[in-house]
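Contents: one structure, followed by commentary.
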Amino acid sequence: MFKMLEAAAGQVAIELDGVEVSVPADVSVAAALLYLDKIPLRHSAVHGSPRAPFCMMGICFECLVEVDGLANQRACQLQVEAGMRLRLQLAPTAGDDD
Amino acid sequence: MKPNCSFDTLIVGGGLVGAAIACGIAATGSRVAVVDGGDRDYRASRGNFGLVWVQGKGADFPAYARLSGIAARQWGDFAGELRDATGIDVGLQQTGGYDFCLTPEEWEAREWEMRQVAAHTEGEFEYQMLDQTELSKRIPEVSGDVLGASYSAQDGHVNPLYLLRALHQRMHDLGVDYRPAQAAHSSRRQGGEFIVTTRDTDFHAERVVFCAGLSNQRLCRDLDMHIPVQPLRGQLLITDRVPSFLPAATLQVRQTAEGTLQIGDSHEDVGLDESTTLEVITRLARRAVRIFPHLAQVRLNRAWGALRVMTPDGVPIYHRSLEHPGAYAVSCHSGVTLAAFHARQLAQWISSDAQDPLLNAFSAERFNV
Amino acid sequence: MIKSSYQLVVIGAGPAGMAVAQTAARHGIEVAVFDEQAHPGGQIYRNVDASPLGNIDLLGKDYVFGRQLVQGFRHAPVDYFANTAVWYLHPSGELGIVAGGEHRRVTAQRIVIACGAQERPMPFPGWDKAGVMTAGAGQILMKSAAMVPSEAPVLAGSGPLLLLLAWQYLRAGVKIRALVDTTQSASRWPAMQHFPKAIAASDYLFKGLKLVTAIRRARVPWLREASNLHAEGDERLRALSFNCRGKPQRIETSLLLLHQGVIPSVHMAAAAGCETSWNDPQQCWQPTVDDWGQSSAETVFVAGDAAGIGGARAAWLAGQLTGLQIAHQLGGIEQSQRDRLASPMRNARARHLAIRPFLDSWYRVADSSLVPGDETLACRCEEVSVGEIRALAAMGCSGPNQVKAFTRCGMGPCQGRFCASTVEQIFAHETAVDPQQIGRFNARPPLKPVTLGQLASSEE
C-alpha cells in the first residue's frame, strides 16, 4: 500500500506472526506493516470487522498489534527494533491451527 | 396552563429509581410523567457498580436485610420481563458474588456481618466463608495475598446503564411522558393537587414521587418532608476488554458482559465533587493487581468519580407523607439491587396507597428521634 | 531525570509548546516539556530536524520553516522529555505521566496544554474499512517514514490540508487517482464577505492559489460538489462511490485519504475541567481562554491549535504570549515589559489569523457530511451506528452523555475523539438545539494509555 520514497537508512529484521521479515529501519511499526501491505491488521471488538491504521498519530486506536507479548499496543507509536516480535490481532479463521 | 401538564402521577427524577417506579405505576394504567435533569447533571447510575448485592446488607437493620433478599430473588424474572418487553438485555449474571478479605480483621468483621444477616432473615440468606484453598478452586487467578472471601449465591451483577436504558424504553412504550432537561426547582400543594415547577413549566399531579437523588432533601422540604441525603463519592476504573476469567461478580472487581473489568469500592466524603484523584486511582489499581496479578498488563480505559446518594444509615428511605397525602420520597444508593422491587412492590405501594408492614421501617420518620 | 515538581509544565512540543517553553525559560522560569513523540515539532513540523527524506524542501517552505524553531528549542534551557505521555491532569497542578514504561506523579504551578489539533471526523458508510486513512496520516507517513502510496490514491473531502497533501504527493512523483471534493459551492458567496480581511494575510491566499494551480496543471481528476460517499470492499477497501453534482460515480481504489478540516484536541482541557464553548464558524469546541491563553482553571493555559484553529505560525506566537504571561505571574517579568514584548506578537498573530474567517467560511462542512445516514458507524471503537443514536435522540434521550451510557458510544479506547462531534450534530439536528446547549461528552482520565501494573507500582 505504501512504498519508500527513497532508499531507507537501513533494514531491520523483525518477526511477524512467527515469520522473519525485513522492514525499513527508523519507521513506526504501523508504517512497517503498511509497507508490507499487512492490512487488515486486526478485527474489531464488537463485530469482528477488518481494521487497519487510520490516523497514524495515536488517537484512533485502530492500529493495535501485539508487540513482544504485550497485546493492544498502538503500532503507530512504536518504532521498529531488530528482533521485535509482532503478532497481528486478527480473529481466527477456520483454517487456523490455534 | 398547557394541556399536557396535568397527570395522575408525577415522578421527579428519571434515574434508576424514578424510571423503575414510573414503569410500575404506568403499568397500572395511571397517567405518569417523569421530569428529569439534564445530560450533565449528577446521575448515580453512572457511578453504580452494577451489583445485585445481598451479602452484608442490613447487618444492623433487619428489615433491610429482608428487603434485599426479596429484591434480589426477583431479579431473574424482572430481567426476562424487560428483555421481552424492550428487546434490551441488561446483562444479568446472577451466579453469586464474592467479597475478598485481605486481612484477618476483614475476615472476622465479614463473618460477623454474614451471621447477622442470616439471623435477620431467619436463614433465608445463605453464605459461605471461603478460605484461600477453596477460593482458588473457584477463581484460579486469585493471588496468594488474598486470605479468602465471603460468598453468597444470590448475588450477581448487571449493566446499570443498559438497565436505565431498558427502563427508559419501557417507560416510553408504556406511554410515560418523559421530560428531560426539566429539573424540578420547587413544589407546593394547592387545591387538591401538587404543582412542581421546572425551568419551563408547572406540572400538576394528584400524586408526586420524589426520586431526585441528591436533590431530594432540598426539594422535599417544600412539602414538609425531611429526607436527609448526602453525597459519598466513589471512584471507578474500567479497563479494556480482557479474555473472560471471572465466573461471578466480586465487590472489588467485576467483569462486564463486554469483557471489560470494572474496579471500584472506594468511599470519600468530599461533597459535590466528581473528580478523580491520582491517590485513589493508583490505590484501586494496586488492590486489583494484588488480588489478580495477571491484570498488570491490562490497560485502563477510563477513570471517573460519581456520587452515591447516602442516607444517614445507608438504608433506603421509602417515605409516605402524612401531612400531604399523595406525596412520596424515595432515596437509596442501591438502585440496581432494588430495581425489581421498585418497579413492582414499591410502585404498587405508592399507586394503591396500601399498607405494607415491611416498608414502614423505611420511613424517614426514623430520623426524627 | 524528571523532577517531581516544576514551576511550569508544557504538554506538547509543537510550535505552541516550544514557544511557551522557550519564552518562559528566557525569563527564568523552570520548565519541563512532555511530548509523546520521539522528536519535537508536533504533527505540523513532525520530524523536521530528523527527517528520513533526503530533501525536506519536497514538503514545502512552510514545513521547512519549522526546522529553525525545533533547533532553537533543542538549545533552550528547558527539561525536554520525549516519548512521555501525560495521562492525568488536575487543575490543582497535579499530573500523572508515563515515561520509560513507568507512571510518575509531577506537580506544577502552571500547566500549558499545547497538544494541538486533530482532523474532524468524516463519517460515511464504510469509513472504517481497512485502506481508509486520513490525509494527516498520509503526511505523517511522508514526514516520519519517507513513505508514499505505492498506487495512485483517492483523496476525498475538503480543506487546505487536503490540497497541501495533493501538492506534496505530486512533488514526490505520486500520481493522484482523483480529488473527490466535498466543498460546497453554496459556501463561496458567504465566504466572500471575509475576503477583504483575508487580504491582510495575502501570502496564505497566494499559497492556496499555488496549490490549486499545481493540482490543475497535473490534470488530477478534480470531482467537485461530491456527496454521499460510500466506501466499498470486504476484507479491505475496493472502491469509493459517491455523487458528483448529482451524478453517481464510482472509483476503484485500495487507498482512500480523507479530510474535512481540523479541530482542536479539547479532550485534555475538558478532562482538566476547563470550560469549553462552541465556535460556530469553525464548527468545533474550543476551551474558553483569555487573550493570554489562560483557561477557566487558574493553573491551566491552552496555547496553539488546542485553543482554537489558527495554524502553525499563529500557534508559535500564541505560545510566546502564554509564555510571557506565565513568566509574569510567576515573578520572572514585570507587567510593563510583558506588555512591551507582547504587543508586536499580538499584531503578528492577528495578521496570521486574518485568513481564518475566509477559510472557515469557504470550507464550511455541509450538514450532510456532519450527520451521515443511519447505516454509518458513528462510533468506530464500539461500532454504534448513527441510526441507533438518532433513534435515542428522537425518543427524548437527554444528550450525548446519556447516549454514551445507553450505547457505549464514546466508551472505547479513543474516548470519543472520533465520534463526539457526530453525536453532538445528531442531537443538534434532531432536537433543533445548538451544540452549545447540547453539550459535550464528559472527558475523563486516562488521557493516554496506562496499565494497571504501571499505576500499581507507583509510589503514591
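Going through the C-alpha cells in order, the chains are called A, B, and so on, while each chain numbers its residues from 1 and the ligands are numbered from 1 in the order shown.
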
Practice item. Pick out the residues sitting within 7 Å of stretch 80-83 of chain A, and hand them over as a list in words; count only C-alpha atoms, and ignore anything fewer than 2 positions along from it in its own chain. Key: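 Counting only the stated atoms, we get Val12, Ala13, Ile14, Glu15, Ala25, Asp26, Val27, Ser28, Val29, Leu78 and Arg85 of chain A.
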
Quiz item: Quick one: which residues from chain C are at most 6 Å off chain A, using only C-alpha atoms, as a PyMOL selection string?
Solution: chain C and resi 129-130+133-134+137+145-150+235+414

Report as a count of residues only the set of chain C residues whose atoms approach chain B to within 10 Å, with distances computed over only C-alpha atoms.
54

| request: as a PyMOL selection string, list the residues of chain A assigned to alpha helix (DSSP H) by DSSP on the backbone atoms of this structure. | output: chain A and resi 29-35

Notebook entry, point to check: Taking into account only C-alpha atoms, which residue in the set B:Asp99, B:Glu258, B:Glu106, B:Asp222 is nearest to chain A?
Noted result: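 For chain A, the nearest of the given residues is B:Glu258.
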
TODO: Point out the residue among A:Glu20, A:Leu88, A:Leu36, A:Gln11 with the least atom-to-atom distance to A:Ala75, counting only C-alpha atoms.
DONE: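 The closest residue to A:Ala75 is A:Leu88.
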
Practice problem: Name the residues in contact with B:Gln93 at a cut-off of 7 Å, using only C-alpha atoms, excluding same-chain residues fewer than 6 positions from it; report them as a list in words. | Solution: Gly156, His157 and Val158 of chain B

re atom CA of C:Thr107 and atom CA of B:Ile263: distance 26.1 Å

7 Å contact set for stretch 167-183 of chain C, only C-alpha atoms, chain neighbours under 5 positions out, as a PyMOL selection string
chain C and resi 58-59+152-158+211+214-215+220-227+363

If you run DSSP on this backbone, which residues of stretch 368-446 of chain C come out as strand (DSSP E), and could you give them as a VMD selection string? chain C and resid 377 to 379 384 to 385

Can you write just those residues out, C-alpha atoms, as a short mmCIF file (atom, residue, chain, number, x, y, z; two decimals), in the first residue's frame?
```cif
data_model
loop_
_atom_site.label_atom_id
_atom_site.label_comp_id
_atom_site.auth_asym_id
_atom_site.auth_seq_id
_atom_site.Cartn_x
_atom_site.Cartn_y
_atom_site.Cartn_z
CA LEU C 377 -20.82 3.93 12.05
CA ALA C 378 -20.80 6.90 14.40
CA CYS C 379 -18.54 5.18 16.93
CA VAL C 384 -22.55 2.09 17.25
CA SER C 385 -24.48 3.28 14.21
#
```

Can you tell me, as a PDB file with N, CA and C atoms, in the first residue's frame, what residues are no more than 12 Å from C:Asp203 when counting only C-alpha atoms, ignoring any on the same chain fewer than 5 positions away?
```
ATOM      1  N   ASP C  62       6.663  26.084   4.167  1.00  0.00           N
ATOM      2  CA  ASP C  62       6.052  26.212   5.487  1.00  0.00           C
ATOM      3  C   ASP C  62       6.573  25.136   6.428  1.00  0.00           C
ATOM      4  N   ALA C 198      -9.120  38.886   4.537  1.00  0.00           N
ATOM      5  CA  ALA C 198      -8.123  37.866   4.179  1.00  0.00           C
ATOM      6  C   ALA C 198      -6.955  38.446   3.414  1.00  0.00           C
ATOM      7  N   GLY C 208      -2.389  29.240  -1.399  1.00  0.00           N
ATOM      8  CA  GLY C 208      -3.541  28.423  -1.786  1.00  0.00           C
ATOM      9  C   GLY C 208      -3.678  28.355  -3.296  1.00  0.00           C
ATOM     10  N   LEU C 209      -3.501  29.510  -3.916  1.00  0.00           N
ATOM     11  CA  LEU C 209      -3.608  29.575  -5.368  1.00  0.00           C
ATOM     12  C   LEU C 209      -2.550  28.704  -6.019  1.00  0.00           C
ATOM     13  N   LYS C 210      -1.369  28.710  -5.438  1.00  0.00           N
ATOM     14  CA  LYS C 210      -0.259  27.912  -5.972  1.00  0.00           C
ATOM     15  C   LYS C 210      -0.603  26.425  -5.923  1.00  0.00           C
ATOM     16  N   ARG C 351      -2.385  39.103  12.172  1.00  0.00           N
ATOM     17  CA  ARG C 351      -2.211  39.043  10.731  1.00  0.00           C
ATOM     18  C   ARG C 351      -2.350  37.603  10.231  1.00  0.00           C
ATOM     19  N   HIS C 352      -1.714  36.685  10.939  1.00  0.00           N
ATOM     20  CA  HIS C 352      -1.811  35.278  10.521  1.00  0.00           C
ATOM     21  C   HIS C 352      -3.232  34.763  10.655  1.00  0.00           C
ATOM     22  N   LEU C 353      -3.964  35.277  11.632  1.00  0.00           N
ATOM     23  CA  LEU C 353      -5.334  34.804  11.833  1.00  0.00           C
ATOM     24  C   LEU C 353      -6.316  35.451  10.858  1.00  0.00           C
ATOM     25  N   ALA C 354      -5.858  36.448  10.130  1.00  0.00           N
ATOM     26  CA  ALA C 354      -6.775  37.174   9.253  1.00  0.00           C
ATOM     27  C   ALA C 354      -7.364  36.293   8.164  1.00  0.00           C
ATOM     28  N   ILE C 355      -6.667  35.230   7.830  1.00  0.00           N
ATOM     29  CA  ILE C 355      -7.142  34.344   6.745  1.00  0.00           C
ATOM     30  C   ILE C 355      -8.283  33.441   7.211  1.00  0.00           C
TER      31      ILE C 355
END
```
